[in-house]
>>> print(open('input15.cif').read())   # mmCIF, C-alpha atoms
data_final
#
loop_
_atom_site.label_atom_id
_atom_site.label_comp_id
_atom_site.auth_asym_id
_atom_site.auth_seq_id
_atom_site.Cartn_x
_atom_site.Cartn_y
_atom_site.Cartn_z
CA MET A 1 33.35 -22.11 -10.33
CA ARG A 2 31.17 -21.13 -13.29
CA ARG A 3 31.63 -18.63 -16.14
CA PRO A 4 28.37 -16.95 -17.20
CA VAL A 5 30.30 -14.64 -19.56
CA GLU A 6 33.38 -15.44 -21.64
CA GLY A 7 34.41 -13.84 -24.91
CA ASP A 8 34.14 -10.41 -26.50
CA VAL A 9 31.66 -7.79 -25.28
CA HIS A 10 31.02 -4.37 -26.76
CA VAL A 11 31.82 -1.21 -24.80
CA HIS A 12 30.95 2.37 -25.56
CA TYR A 13 32.28 5.48 -23.79
CA GLY A 14 34.62 3.05 -21.99
CA GLN A 15 31.79 1.65 -19.85
CA ILE A 16 29.99 -1.57 -19.05
CA TYR A 17 27.82 -2.35 -16.02
CA VAL A 18 26.39 -4.91 -13.64
CA GLN A 19 22.75 -4.16 -12.86
CA SER A 20 20.31 -5.92 -10.55
CA ASP A 21 17.64 -3.35 -9.68
CA PRO A 22 14.72 -3.67 -12.14
CA ASP A 23 13.40 -0.25 -11.09
CA SER A 24 16.63 1.66 -11.79
CA TYR A 25 18.71 2.53 -14.83
CA GLY A 26 21.78 2.56 -12.63
CA PRO A 27 23.82 5.35 -11.03
CA GLY A 28 25.66 8.23 -12.62
CA LEU A 29 29.45 8.22 -12.74
CA ASP A 30 29.93 10.34 -9.61
CA GLU A 31 27.36 8.31 -7.67
CA ALA A 32 29.02 5.04 -8.63
CA PHE A 33 32.46 6.03 -7.27
CA ALA A 34 31.69 8.47 -4.44
CA GLY A 35 33.71 7.62 -1.32
CA GLN A 36 35.90 5.02 -3.04
CA SER A 37 39.66 4.86 -3.44
CA ALA A 38 39.40 2.44 -6.38
CA GLY A 39 38.30 4.05 -9.64
CA LEU A 40 37.85 1.10 -11.99
CA CYS A 41 34.82 -0.62 -10.41
CA GLY A 42 32.21 1.72 -8.91
CA ALA A 43 30.13 0.05 -6.18
CA ALA A 44 28.95 3.04 -4.14
CA THR A 45 25.33 2.57 -5.25
CA ALA A 46 23.57 -0.53 -3.91
CA GLY A 47 22.78 -3.21 -6.47
CA ALA A 48 24.96 -1.81 -9.29
CA LEU A 49 28.57 -1.84 -10.52
CA TRP A 50 30.11 0.65 -12.96
CA LEU A 51 33.07 -0.87 -14.83
CA ASN A 52 35.56 1.36 -16.66
CA THR A 53 37.57 0.10 -19.64
CA GLY A 54 40.53 1.50 -21.55
CA LEU A 55 38.89 1.15 -24.96
CA HIS A 56 36.33 3.85 -25.76
CA THR A 57 34.32 1.95 -28.38
CA GLY A 58 34.58 -1.60 -29.66
CA GLU A 59 35.02 -5.19 -28.51
CA VAL A 60 37.04 -6.06 -25.40
CA GLY A 61 37.81 -9.45 -23.97
CA PHE A 62 35.62 -10.05 -20.95
CA THR A 63 35.16 -12.96 -18.55
CA VAL A 64 32.88 -13.22 -15.52
CA GLU A 65 33.50 -15.93 -12.93
CA VAL A 66 31.40 -16.87 -9.91
CA HIS A 67 33.36 -18.73 -7.18
CA ASP A 68 32.46 -20.37 -3.89
CA HIS A 69 35.60 -18.94 -2.26
CA ALA A 70 38.14 -16.20 -2.98
CA PRO A 71 40.19 -17.29 -6.02
CA PRO A 72 43.98 -16.78 -6.20
CA LEU A 73 45.15 -13.56 -7.86
CA GLU A 74 47.04 -14.19 -11.08
CA SER A 75 50.14 -12.05 -11.48
CA SER A 76 49.57 -11.47 -15.21
CA TRP A 77 46.89 -8.85 -14.59
CA GLU A 78 48.19 -5.26 -14.71
CA ASP A 79 45.45 -3.50 -12.72
CA VAL A 80 43.32 -5.06 -9.99
CA VAL A 81 40.72 -3.65 -7.61
CA GLU A 82 38.25 -5.18 -5.16
CA VAL A 83 34.84 -3.92 -3.97
CA SER A 84 31.84 -5.36 -2.13
CA PHE A 85 28.48 -5.89 -3.81
CA ARG A 86 25.02 -7.19 -2.95
CA PRO A 87 22.44 -7.71 -5.72
CA ALA A 88 19.16 -5.83 -5.30
CA SER A 89 17.18 -8.72 -6.81
CA ALA A 90 17.61 -12.22 -8.18
CA ASP A 91 18.10 -10.79 -11.68
CA SER A 92 21.73 -9.68 -11.97
CA ALA A 93 23.19 -9.10 -15.42
CA LEU A 94 26.23 -7.74 -17.19
CA VAL A 95 24.80 -4.96 -19.34
CA GLU A 96 26.31 -3.08 -22.28
CA TRP A 97 25.98 0.69 -22.69
CA ALA A 98 22.36 1.72 -23.41
CA GLY A 99 21.26 -1.88 -22.76
CA GLU A 100 22.32 -2.99 -26.24
CA ASP A 101 23.07 -6.48 -24.93
CA SER A 102 23.16 -8.26 -21.58
CA TRP A 103 24.20 -11.54 -19.95
CA ASP A 104 22.48 -13.12 -16.96
CA LEU A 105 24.95 -13.68 -14.11
CA GLY A 106 22.75 -15.88 -11.89
CA LEU A 107 23.87 -14.29 -8.63
CA ASP A 108 22.13 -14.96 -5.33
CA GLU A 109 20.81 -12.09 -3.22
CA THR A 110 23.74 -12.19 -0.82
CA ASP A 111 26.94 -10.27 -0.09
CA TYR A 112 29.78 -10.75 -2.57
CA ARG A 113 33.35 -9.64 -2.84
CA VAL A 114 34.13 -8.56 -6.39
CA ARG A 115 37.58 -8.49 -8.01
CA TYR A 116 37.99 -6.57 -11.26
CA CYS A 117 41.20 -7.28 -13.20
CA ALA A 118 42.43 -5.47 -16.32
CA THR A 119 45.24 -5.75 -18.86
CA GLY A 120 46.07 -3.45 -21.80
CA MET A 121 44.14 -0.38 -20.63
CA ASP A 122 46.77 2.17 -21.81
CA ARG A 123 47.13 0.52 -25.22
CA ALA A 124 43.35 0.46 -25.69
CA ARG A 125 42.92 4.04 -24.50
CA ALA A 126 45.54 5.24 -26.98
CA ALA A 127 43.76 3.44 -29.82
CA ASP A 128 40.34 4.72 -28.61
CA THR A 129 38.36 2.52 -31.03
CA ARG A 130 38.72 -1.08 -32.19
CA THR A 131 37.13 -2.40 -35.36
CA ALA A 132 36.13 -6.01 -35.84
CA GLU A 133 39.18 -6.70 -38.01
CA GLU A 134 41.72 -5.38 -35.50
CA PRO A 135 43.38 -7.51 -32.81
CA GLN A 136 42.23 -7.42 -29.19
CA LEU A 137 43.70 -4.51 -27.19
CA ASP A 138 42.44 -4.95 -23.62
CA ARG A 139 40.76 -7.68 -21.62
CA TYR A 140 39.04 -7.92 -18.26
CA LEU A 141 38.10 -10.47 -15.59
CA LEU A 142 35.26 -9.91 -13.14
CA GLN A 143 35.14 -12.39 -10.23
CA PHE A 144 32.44 -12.86 -7.56
CA TRP A 145 32.54 -14.90 -4.34
CA PRO A 146 30.46 -14.77 -1.17
CA ALA A 147 32.05 -12.56 1.50
CA PRO A 148 30.98 -9.99 4.10
CA PRO A 149 31.25 -6.30 3.13
CA GLU A 150 34.72 -4.67 3.25
CA PRO A 151 36.10 -1.33 2.05
CA ASP A 152 37.16 -1.14 -1.59
CA ARG A 153 40.88 -1.63 -2.30
CA VAL A 154 43.40 -1.17 -5.07
CA LEU A 155 45.40 -4.40 -5.19
CA LYS A 156 47.56 -3.54 -8.18
CA GLU A 157 48.09 -0.39 -10.21
CA THR A 158 50.20 -0.39 -13.38
CA SER A 159 48.56 1.66 -16.13
CA ARG A 160 48.20 5.44 -16.39
CA THR A 161 44.53 4.87 -17.25
CA ALA A 162 43.87 3.10 -13.95
CA ALA A 163 45.79 5.78 -12.06
CA HIS A 164 43.62 8.46 -13.67
CA TRP A 165 40.41 6.74 -12.57
CA HIS A 166 41.71 6.10 -9.05
CA GLY A 167 42.52 9.79 -8.74
CA TYR A 168 39.11 10.73 -10.05
CA ALA A 169 37.38 8.57 -7.42
CA ARG A 170 39.51 9.93 -4.55
CA ASP A 171 38.77 13.55 -5.52
CA LEU A 172 35.01 13.04 -5.33
CA PRO A 173 33.19 14.39 -2.26
CA PRO A 174 32.11 11.70 0.21
CA PRO A 175 28.71 10.16 -0.41
CA PRO A 176 25.80 11.27 1.76
CA THR A 177 25.16 9.39 4.97
CA PRO A 178 21.98 7.28 5.18
CA ALA A 179 20.38 10.05 7.25
CA GLU A 180 21.41 12.71 4.71
CA ARG A 181 20.13 10.56 1.85
CA ALA A 182 16.81 10.01 3.61
CA GLU A 183 16.47 13.74 4.28
CA ALA A 184 17.28 14.58 0.65
CA GLU A 185 14.68 12.05 -0.54
CA ARG A 186 12.13 13.49 1.90
CA ARG A 187 12.75 17.02 0.64
CA ALA A 188 12.58 15.92 -2.99
CA ARG A 189 9.34 14.08 -2.33
CA LEU A 190 7.90 17.08 -0.50
CA ALA A 191 8.92 19.40 -3.34
CA GLN A 192 7.32 17.08 -5.88
CA GLU A 193 4.10 16.85 -3.86
CA THR A 194 4.02 20.63 -3.44
CA ALA A 195 4.58 21.21 -7.15
CA GLU A 196 1.87 18.71 -8.04
CA ARG A 197 -0.54 20.32 -5.60
CA GLU A 198 0.18 23.76 -7.07
CA ARG A 199 -0.37 22.45 -10.58
CA ARG A 200 -3.63 20.85 -9.52
CA LEU A 201 -4.82 24.04 -7.83
CA ALA A 202 -3.80 26.17 -10.81
CA ARG A 203 -5.70 23.86 -13.16
CA GLU A 204 -8.72 23.92 -10.85
CA ARG A 205 -8.54 27.72 -10.61
CA ARG A 206 -8.55 28.01 -14.42
CA GLU A 207 -11.52 25.64 -14.67
CA TRP A 208 -13.45 27.68 -12.12
CA GLY A 209 -12.99 31.06 -13.76
CA GLY A 210 -9.91 32.25 -11.88
CA ARG A 211 -10.88 31.37 -8.32
CA LEU A 212 -10.98 28.15 -6.36
CA PRO A 213 -14.38 26.61 -5.60
CA SER A 214 -15.70 26.12 -2.10
CA ASP A 215 -15.94 22.67 -0.58
CA ALA A 216 -19.69 22.79 -1.28
CA LEU A 217 -19.09 23.30 -5.00
CA ARG A 218 -16.41 20.62 -5.07
CA THR A 219 -18.72 18.03 -3.54
CA VAL A 220 -22.16 19.04 -4.84
CA GLY A 221 -22.00 16.57 -7.74
CA GLY A 222 -24.69 16.49 -10.38
CA ASN A 223 -24.10 18.60 -13.48
CA VAL A 224 -21.75 21.06 -11.81
CA SER A 225 -18.94 20.45 -14.30
CA GLY A 226 -21.30 20.91 -17.25
CA LEU A 227 -22.63 24.21 -15.92
CA ARG A 228 -19.09 25.31 -15.04
CA ASP A 229 -18.16 25.13 -18.73
CA PHE A 230 -20.82 27.75 -19.47
CA ASP A 231 -20.53 30.12 -16.51
CA PRO A 232 -18.26 29.38 -13.52
CA GLY A 233 -19.07 32.83 -12.12
CA LEU A 234 -22.72 31.85 -11.79
CA LEU A 235 -21.73 28.81 -9.75
CA HIS A 236 -19.75 30.97 -7.33
CA ALA A 237 -22.71 33.36 -7.08
CA LEU A 238 -25.12 30.48 -6.44
CA ASP A 239 -22.86 29.13 -3.73
CA ALA A 240 -22.73 32.52 -1.99
CA ALA A 241 -26.44 33.29 -2.39
CA GLY A 242 -27.67 30.84 0.23
CA PRO A 243 -30.41 28.18 0.29
CA ALA A 244 -33.39 30.48 -0.28
CA ALA A 245 -31.90 32.03 -3.40
CA GLN A 246 -30.72 28.63 -4.60
CA ARG A 247 -34.28 27.27 -4.36
CA ALA A 248 -35.60 30.32 -6.19
CA VAL A 249 -33.08 29.87 -8.98
CA ALA A 250 -33.90 26.17 -9.26
CA LEU A 251 -37.62 26.92 -9.52
CA LEU A 252 -37.13 29.69 -12.07
CA ALA A 253 -34.81 27.50 -14.18
CA ALA A 254 -37.36 24.67 -14.17
CA ARG A 255 -40.14 27.06 -15.17
CA ARG A 256 -38.09 28.68 -17.94
CA ALA A 257 -37.11 25.26 -19.32
CA CYS A 258 -40.73 24.11 -19.43
CA GLU A 259 -41.86 27.39 -20.98
CA VAL A 260 -39.35 27.31 -23.81
CA ALA A 261 -40.09 23.62 -24.40
CA GLY A 262 -43.85 24.31 -24.60
CA LEU A 263 -44.65 22.06 -21.63
CA THR A 264 -46.53 24.61 -19.51
CA ALA A 265 -49.69 23.77 -21.49
CA LEU A 266 -49.66 20.26 -20.00
CA ASP A 267 -51.48 19.87 -16.69
CA TRP A 268 -49.18 17.16 -15.38
CA VAL A 269 -46.18 19.48 -15.91
CA THR A 270 -47.78 22.58 -14.41
CA GLY A 271 -48.84 20.48 -11.44
CA ALA A 272 -45.20 19.59 -10.85
CA LEU A 273 -44.11 23.25 -11.12
CA THR A 274 -46.79 24.22 -8.60
CA ALA A 275 -45.58 21.52 -6.20
CA LEU A 276 -42.04 22.87 -6.52
CA ALA A 277 -43.20 26.41 -5.79
CA GLU A 278 -45.10 25.24 -2.70
CA GLY A 279 -42.26 23.07 -1.44
CA ARG A 280 -44.17 19.81 -1.84
CA PRO A 281 -42.86 16.52 -3.26
CA LEU A 282 -43.27 16.12 -6.99
CA PRO A 283 -46.55 14.42 -7.94
CA PRO A 284 -46.87 11.49 -10.37
CA PRO A 285 -45.54 10.86 -12.93
CA PHE A 286 -42.45 12.76 -11.70
CA ASP A 287 -42.03 10.37 -8.78
CA ASP A 288 -40.80 7.67 -11.18
CA ASP A 289 -38.38 8.38 -14.03
CA ALA A 290 -39.61 5.60 -16.29
CA ARG A 291 -43.26 6.64 -15.87
CA MET A 292 -42.33 10.28 -16.44
CA TRP A 293 -40.66 9.54 -19.78
CA HIS A 294 -43.48 7.26 -20.84
CA THR A 295 -46.03 9.95 -20.01
CA LEU A 296 -44.10 12.43 -22.13
CA ALA A 297 -43.94 9.99 -25.04
CA SER A 298 -47.61 9.05 -24.82
CA ASP A 299 -49.12 12.52 -24.38
CA PRO A 300 -50.52 13.61 -27.78
CA ALA A 301 -50.41 17.26 -26.65
CA CYS A 302 -46.67 17.17 -26.11
CA PRO A 303 -45.03 19.65 -28.49
CA ASP A 304 -42.36 18.48 -30.91
CA ARG A 305 -39.75 21.18 -30.46
CA THR A 306 -36.01 20.99 -31.04
CA VAL A 307 -33.21 23.44 -30.54
CA GLY A 308 -29.57 23.71 -31.55
CA ARG A 309 -26.97 22.43 -29.16
CA ALA A 310 -25.79 24.75 -26.39
CA VAL A 311 -22.07 25.37 -26.94
CA PRO A 312 -19.89 26.68 -24.07
CA PRO A 313 -18.10 29.99 -24.70
CA GLU A 314 -14.67 28.49 -25.36
CA ARG A 315 -16.05 26.42 -28.23
CA PRO A 316 -16.96 27.81 -31.66
CA PRO A 317 -20.63 28.85 -31.53
CA SER A 318 -21.45 27.11 -34.76
CA GLN A 319 -19.97 24.92 -37.46
CA ASP A 320 -21.06 24.19 -40.99
CA SER A 321 -22.68 20.76 -40.79
CA SER A 322 -21.70 20.05 -44.38
CA SER A 323 -17.98 20.38 -43.66
CA PRO A 324 -15.94 17.16 -43.92
CA GLY A 325 -15.61 15.05 -40.81
CA THR A 326 -18.68 16.31 -38.96
CA GLY A 327 -20.72 13.19 -39.67
CA ALA A 328 -23.76 15.33 -40.50
CA LEU A 329 -27.14 13.60 -40.50
CA SER A 330 -30.05 14.36 -42.74
CA PRO A 331 -33.04 16.09 -41.07
CA GLN A 332 -34.94 12.81 -41.32
CA GLU A 333 -32.16 10.91 -39.54
CA ALA A 334 -31.65 13.62 -36.92
CA ALA A 335 -35.37 13.63 -36.14
CA THR A 336 -35.13 10.00 -35.03
CA LEU A 337 -32.53 10.78 -32.38
CA VAL A 338 -33.13 12.40 -29.02
CA VAL A 339 -30.12 14.09 -27.51
CA GLY A 340 -30.37 15.66 -24.08
CA PRO A 341 -29.13 15.34 -20.52
CA ALA A 342 -28.01 11.93 -19.34
CA ARG A 343 -31.47 10.91 -18.29
CA ALA A 344 -33.11 12.11 -21.46
CA VAL A 345 -31.26 10.02 -24.02
CA ALA A 346 -33.93 7.33 -24.16
CA ARG A 347 -36.96 7.68 -26.35
CA GLN A 348 -39.54 5.24 -27.56
CA SER A 349 -38.96 4.00 -31.05
CA SER A 350 -42.52 4.85 -32.07
CA PRO A 351 -45.42 6.90 -30.61
CA PRO A 352 -48.30 5.07 -28.92
CA PRO A 353 -51.29 4.25 -31.11
CA ALA A 354 -54.33 6.52 -30.96
CA SER A 355 -56.30 3.79 -29.22
CA ASP A 356 -53.89 3.85 -26.27
CA PRO A 357 -55.85 4.78 -23.09
CA ALA A 358 -53.27 7.36 -22.11
CA ALA A 359 -53.46 9.01 -25.53
CA ALA A 360 -57.27 9.08 -25.30
CA GLY A 361 -57.17 10.89 -21.97
CA GLN A 362 -58.14 7.94 -19.75
CA SER A 363 -57.60 8.44 -16.03
CA SER A 364 -55.76 5.14 -15.53
CA PRO A 365 -51.98 5.55 -15.38
CA PRO A 366 -50.11 4.53 -18.52
CA PRO A 367 -48.33 1.16 -18.36
CA LEU A 368 -44.62 1.23 -17.74
CA PRO A 369 -42.68 1.11 -21.00
CA ASP A 370 -40.97 -1.95 -22.34
CA PRO A 371 -37.21 -1.41 -21.85
CA GLY A 372 -36.64 -3.10 -25.18
CA ARG A 373 -38.32 -0.16 -26.92
CA TYR A 374 -35.71 2.32 -25.69
CA GLY A 375 -32.32 3.07 -27.20
CA LEU A 376 -29.19 4.83 -26.02
CA PHE A 377 -27.32 7.36 -28.13
CA VAL A 378 -23.65 7.73 -27.18
CA SER A 379 -21.20 10.06 -28.89
CA PHE A 380 -17.44 10.42 -28.58
CA GLY A 381 -15.32 13.48 -29.25
CA PRO A 382 -16.65 16.94 -30.14
CA PRO A 383 -20.46 17.09 -30.41
CA ASP A 384 -21.95 16.86 -33.86
CA PRO A 385 -23.46 20.29 -34.52
CA SER A 386 -26.00 18.80 -36.93
CA LEU A 387 -27.84 17.04 -34.09
CA ARG A 388 -30.65 18.95 -32.45
CA ILE A 389 -31.96 18.68 -28.91
CA SER A 390 -35.52 17.60 -28.11
CA GLN A 391 -36.60 20.45 -25.83
CA PRO A 392 -39.36 18.53 -23.98
CA HIS A 393 -36.89 15.76 -23.15
CA ALA A 394 -34.26 18.27 -22.04
CA ALA A 395 -36.73 20.26 -19.91
CA LEU A 396 -38.08 17.50 -17.65
CA PRO A 397 -34.71 16.97 -15.86
CA ALA A 398 -34.91 20.65 -14.89
CA VAL A 399 -38.10 19.83 -12.96
CA THR A 400 -36.73 16.72 -11.26
CA GLY A 401 -33.38 18.43 -10.64
CA ALA A 402 -35.09 21.37 -8.94
CA ALA A 403 -36.63 18.95 -6.44
CA ALA A 404 -33.25 17.79 -5.09
CA ARG A 405 -32.95 17.85 -1.32
CA ASP A 406 -29.77 19.94 -1.40
CA PRO A 407 -30.69 23.50 -2.55
CA LEU A 408 -27.33 24.03 -4.26
CA ARG A 409 -27.59 20.71 -6.11
CA ALA A 410 -31.17 21.60 -7.08
CA ALA A 411 -30.04 24.92 -8.57
CA VAL A 412 -27.07 23.40 -10.40
CA ASP A 413 -29.04 20.57 -12.00
CA ALA A 414 -32.07 22.67 -12.87
CA VAL A 415 -30.02 25.46 -14.44
CA TYR A 416 -27.90 23.05 -16.45
CA ALA A 417 -30.98 21.28 -17.80
CA ALA A 418 -32.46 24.68 -18.66
CA VAL A 419 -29.25 25.59 -20.51
CA VAL A 420 -29.56 22.43 -22.61
CA THR A 421 -33.23 23.18 -23.23
CA HIS A 422 -32.53 26.76 -24.37
CA GLY A 423 -29.74 25.59 -26.67
CA GLU A 424 -28.20 28.49 -28.55
CA ASP A 425 -30.15 31.00 -26.44
CA TRP A 426 -28.49 29.94 -23.17
CA PRO A 427 -26.71 33.33 -22.52
CA ALA A 428 -30.01 35.13 -21.86
CA LEU A 429 -31.12 32.38 -19.48
CA LEU A 430 -27.89 32.51 -17.45
CA ALA A 431 -28.06 36.30 -17.30
CA GLU A 432 -31.51 36.00 -15.72
CA MET A 433 -30.23 33.41 -13.23
CA ALA A 434 -27.32 35.66 -12.27
CA SER A 435 -29.69 38.60 -11.79
CA LEU A 436 -31.85 36.54 -9.44
CA CYS A 437 -28.76 35.56 -7.42
CA ARG A 438 -27.96 39.25 -6.95
CA GLU A 439 -31.53 40.37 -6.16
CA GLY A 440 -32.53 37.43 -3.95
CA PRO A 441 -35.73 35.36 -4.01
CA ALA A 442 -38.12 38.13 -2.90
CA ARG A 443 -39.88 38.45 -6.24
CA SER A 444 -40.98 34.79 -6.18
CA PRO A 445 -40.10 34.03 -9.83
CA GLY A 446 -41.81 30.67 -9.69
CA ARG A 447 -45.21 32.34 -9.52
CA GLU A 448 -44.80 34.66 -12.49
#
>>> encode(input="input15.cif", output="structure tokens")
Amino acid sequence: MRRPVEGDVHVHYGQIYVQSDPDSYGPGLDEAFAGQSAGLCGAATAGALWLNTGLHTGEVGFTVEVHDHAPPLESSWEDVVEVSFRPASADSALVEWAGEDSWDLGLDETDYRVRYCATGMDRARAADTRTAEEPQLDRYLLQFWPAPPEPDRVLKETSRTAAHWHGYARDLPPPPTPAERAEAERRARLAQETAERERRLARERREWGGRLPSDALRTVGGNVSGLRDFDPGLLHALDAAGPAAQRAVALLAARRACEVAGLTALDWVTGALTALAEGRPLPPPFDDDARMWHTLASDPACPDRTVGRAVPPERPPSQDSSSPGTGALSPQEAATLVVGPARAVARQSSPPPASDPAAAGQSSPPPLPDPGRYGLFVSFGPPDPSLRISQPHAALPAVTGAAARDPLRAAVDAVYAAVVTHGEDWPALLAEMASLCREGPARSPGRE
């Protein structure tokens, strides 16, 4: 026999527990005693024991013994009950109310018979509370020994307090059967899954302007979420317009982005727009991202245009860059940064020298850039309104996006890049895109 607990333990609300399930806080009072005739030691929930005491709050004498065989019952105990118990894990402990303290019991994961003995319950209940200076009022003995499961029993009943708890346990409705418990768990799980699905759909419906997206919109990828922040209705219209209209919108968005960025004066850009209009693959340098960006950086005719950041409708359209916390940059600092779509955040740290063959108009293709000359600008939180977008860098992804194999993806990516390129003037652009969705591609906007 061993005694893992011996001495005073603190009780509150007349309760102390044995817990062994690390994933559970233990049962409620009714759960612990449902179906029992003994009301002092609740064992109706697997892996847990609920132990009632006479004292409401304070120290009680408490001993726990673990035996190899059933110990003899001492006649000095006033109230005695027995229950069966099997730990749910190798970590069994006597635990005070709210987990204020605990004692490891070292029980094996096997079936035990448990005897709970009490003395002085009525005296302690009448006193209600015991201070540290007052003498002990009630004491308890909790004994474990290996034994197969048996029904709970009241071996001895003396106090009115024990009688009250026995009556309470016997008046409880019987516990659910395993089949009823499994069905209740299934229904609760189904209700939780249904509620979560409804919450997810409601959130998705709000994000998509009050209606759920089609499977095509859900899976199209690209910059669909970015464009959705500006105009979810346009996305629904694009989806319904069909491939021909989607291609027309993609082409128009690419053209408008290049126009506002001043790139339509560059032959290598207009050649790409012509290829888009004729349904041909994009010509060099648009067939390689790195070469495309290097060509943009090395072309002396490339305009240096910037625009204010495009802000979705739910955000404030502008903010004073001098206000505290915005991290405003000086115009000189802002000019050194290029902010655009994900593929347009890299920019050479310095322009090519005038003697560069590409800058002098040589026919040989420009050398691929040194990756070490590129930088990445990453921001967290709300965008800094003092930063301005490089329109040429924002416009080129509209051209490459419009060439996507999937017409819907082409329209989504091209329009989003055009929104970034237009900056604060994005509402007029999206109105034109919506008009084209309604009218269809008959007017061939790419050839205007």
>>> resolve_selection(input="input15.cif", expression="the PyMOL selection byres ((chain A and resi 402) around 12)", output="PyMOL selection string")
chain A and resi 222+246-257+272-273+275-277+279-282+286+395-401+403-418+446
>>> residues_around(input="input15.cif", residues="Leu201 (chain A)", least_positions_apart="5", cutoff="9 Å", atoms="only C-alpha atoms", output="VMD selection string")
chain A and resid 196 206 212
>>> write_last_selection(input="input15.cif", atoms="C-alpha atoms", output="compact mmCIF listing (two decimals), in the coordinates of the input")
# COMPACT_ATOMS: atom_id res chain seq x y z
CA GLU A 196 1.87 18.71 -8.04
CA ARG A 206 -8.55 28.01 -14.42
CA LEU A 212 -10.98 28.15 -6.36
>>> atom_distance(input="input15.cif", atom1="CA of Arg228 (chain A)", atom2="CA of Asp425 (chain A)")
16.9 Å
>>> closest_residue(input="input15.cif", among="A:Gln19, A:Lys156, A:Asp68, A:Ala43", to="Met1 (chain A)", atoms="all atoms listed in the file")
A:Asp68
>>> resolve_selection(input="input15.cif", expression="the PyMOL selection byres ((chain A and resi 431) around 12)", output="ChimeraX atom specification")
/A:230-231,233-234,237,249,253,415,419,425-430,432-438
>>> residues_around(input="input15.cif", residues="Arg115 (chain A)", least_positions_apart="5", cutoff="10 Å", atoms="only C-alpha atoms", output="tab-separated table (two decimals) with C-alpha atoms, keeping the file's coordinate frame")
chain	number	residue	atom	x	y	z
A	41	CYS	CA	34.82	-0.62	-10.41
A	65	GLU	CA	33.50	-15.93	-12.93
A	70	ALA	CA	38.14	-16.20	-2.98
A	71	PRO	CA	40.19	-17.29	-6.02
A	73	LEU	CA	45.15	-13.56	-7.86
A	80	VAL	CA	43.32	-5.06	-9.99
A	81	VAL	CA	40.72	-3.65	-7.61
A	82	GLU	CA	38.25	-5.18	-5.16
A	83	VAL	CA	34.84	-3.92	-3.97
A	84	SER	CA	31.84	-5.36	-2.13
A	141	LEU	CA	38.10	-10.47	-15.59
A	142	LEU	CA	35.26	-9.91	-13.14
A	143	GLN	CA	35.14	-12.39	-10.23
A	144	PHE	CA	32.44	-12.86	-7.56
A	145	TRP	CA	32.54	-14.90	-4.34
A	152	ASP	CA	37.16	-1.14	-1.59
A	153	ARG	CA	40.88	-1.63	-2.30
A	154	VAL	CA	43.40	-1.17	-5.07
A	155	LEU	CA	45.40	-4.40	-5.19
>>> atom_distance(input="input15.cif", atom1="CA of Gln136 (chain A)", atom2="CA of Thr63 (chain A)")
13.9 Å
>>> atom_distance(input="input15.cif", atom1="CA of Arg181 (chain A)", atom2="CA of Pro27 (chain A)")
14.4 Å
>>> closest_residue(input="input15.cif", among="A:Val64, A:Val11, A:Ala34, A:Ala88", to="Asn52 (chain A)", atoms="all atoms listed in the file")
A:Val11
>>> resolve_selection(input="input15.cif", expression="the PyMOL selection byres ((chain A and resi 160) around 12)", output="PyMOL selection string")
chain A and resi 54+78-79+119-126+157-159+161-167
>>> closest_residue(input="input15.cif", among="A:Glu198, A:Asp215, A:Glu207, A:Asp104", to="Ser20 (chain A)", atoms="all atoms listed in the file")
A:Asp104
>>> closest_residue(input="input15.cif", among="A:Val307, A:Gln36, A:Glu193, A:Trp208", to="Asp229 (chain A)", atoms="only C-alpha atoms")
A:Trp208
>>> closest_residue(input="input15.cif", among="A:Gly221, A:Gly262, A:Gly28, A:Gly226", to="Pro392 (chain A)", atoms="all atoms listed in the file")
A:Gly262
>>> closest_residue(input="input15.cif", among="A:Thr45, A:Leu263, A:His69, A:Thr421", to="Pro178 (chain A)", atoms="only C-alpha atoms")
A:Thr45
>>> residues_around(input="input15.cif", residues="region 89-93 of chain A", least_positions_apart="4", cutoff="9 Å", atoms="only C-alpha atoms", output="JSON, numbers by chain")
{"A": [17, 18, 19, 20, 21, 22, 47, 48, 102, 103, 104, 105, 106, 107, 108, 109]}
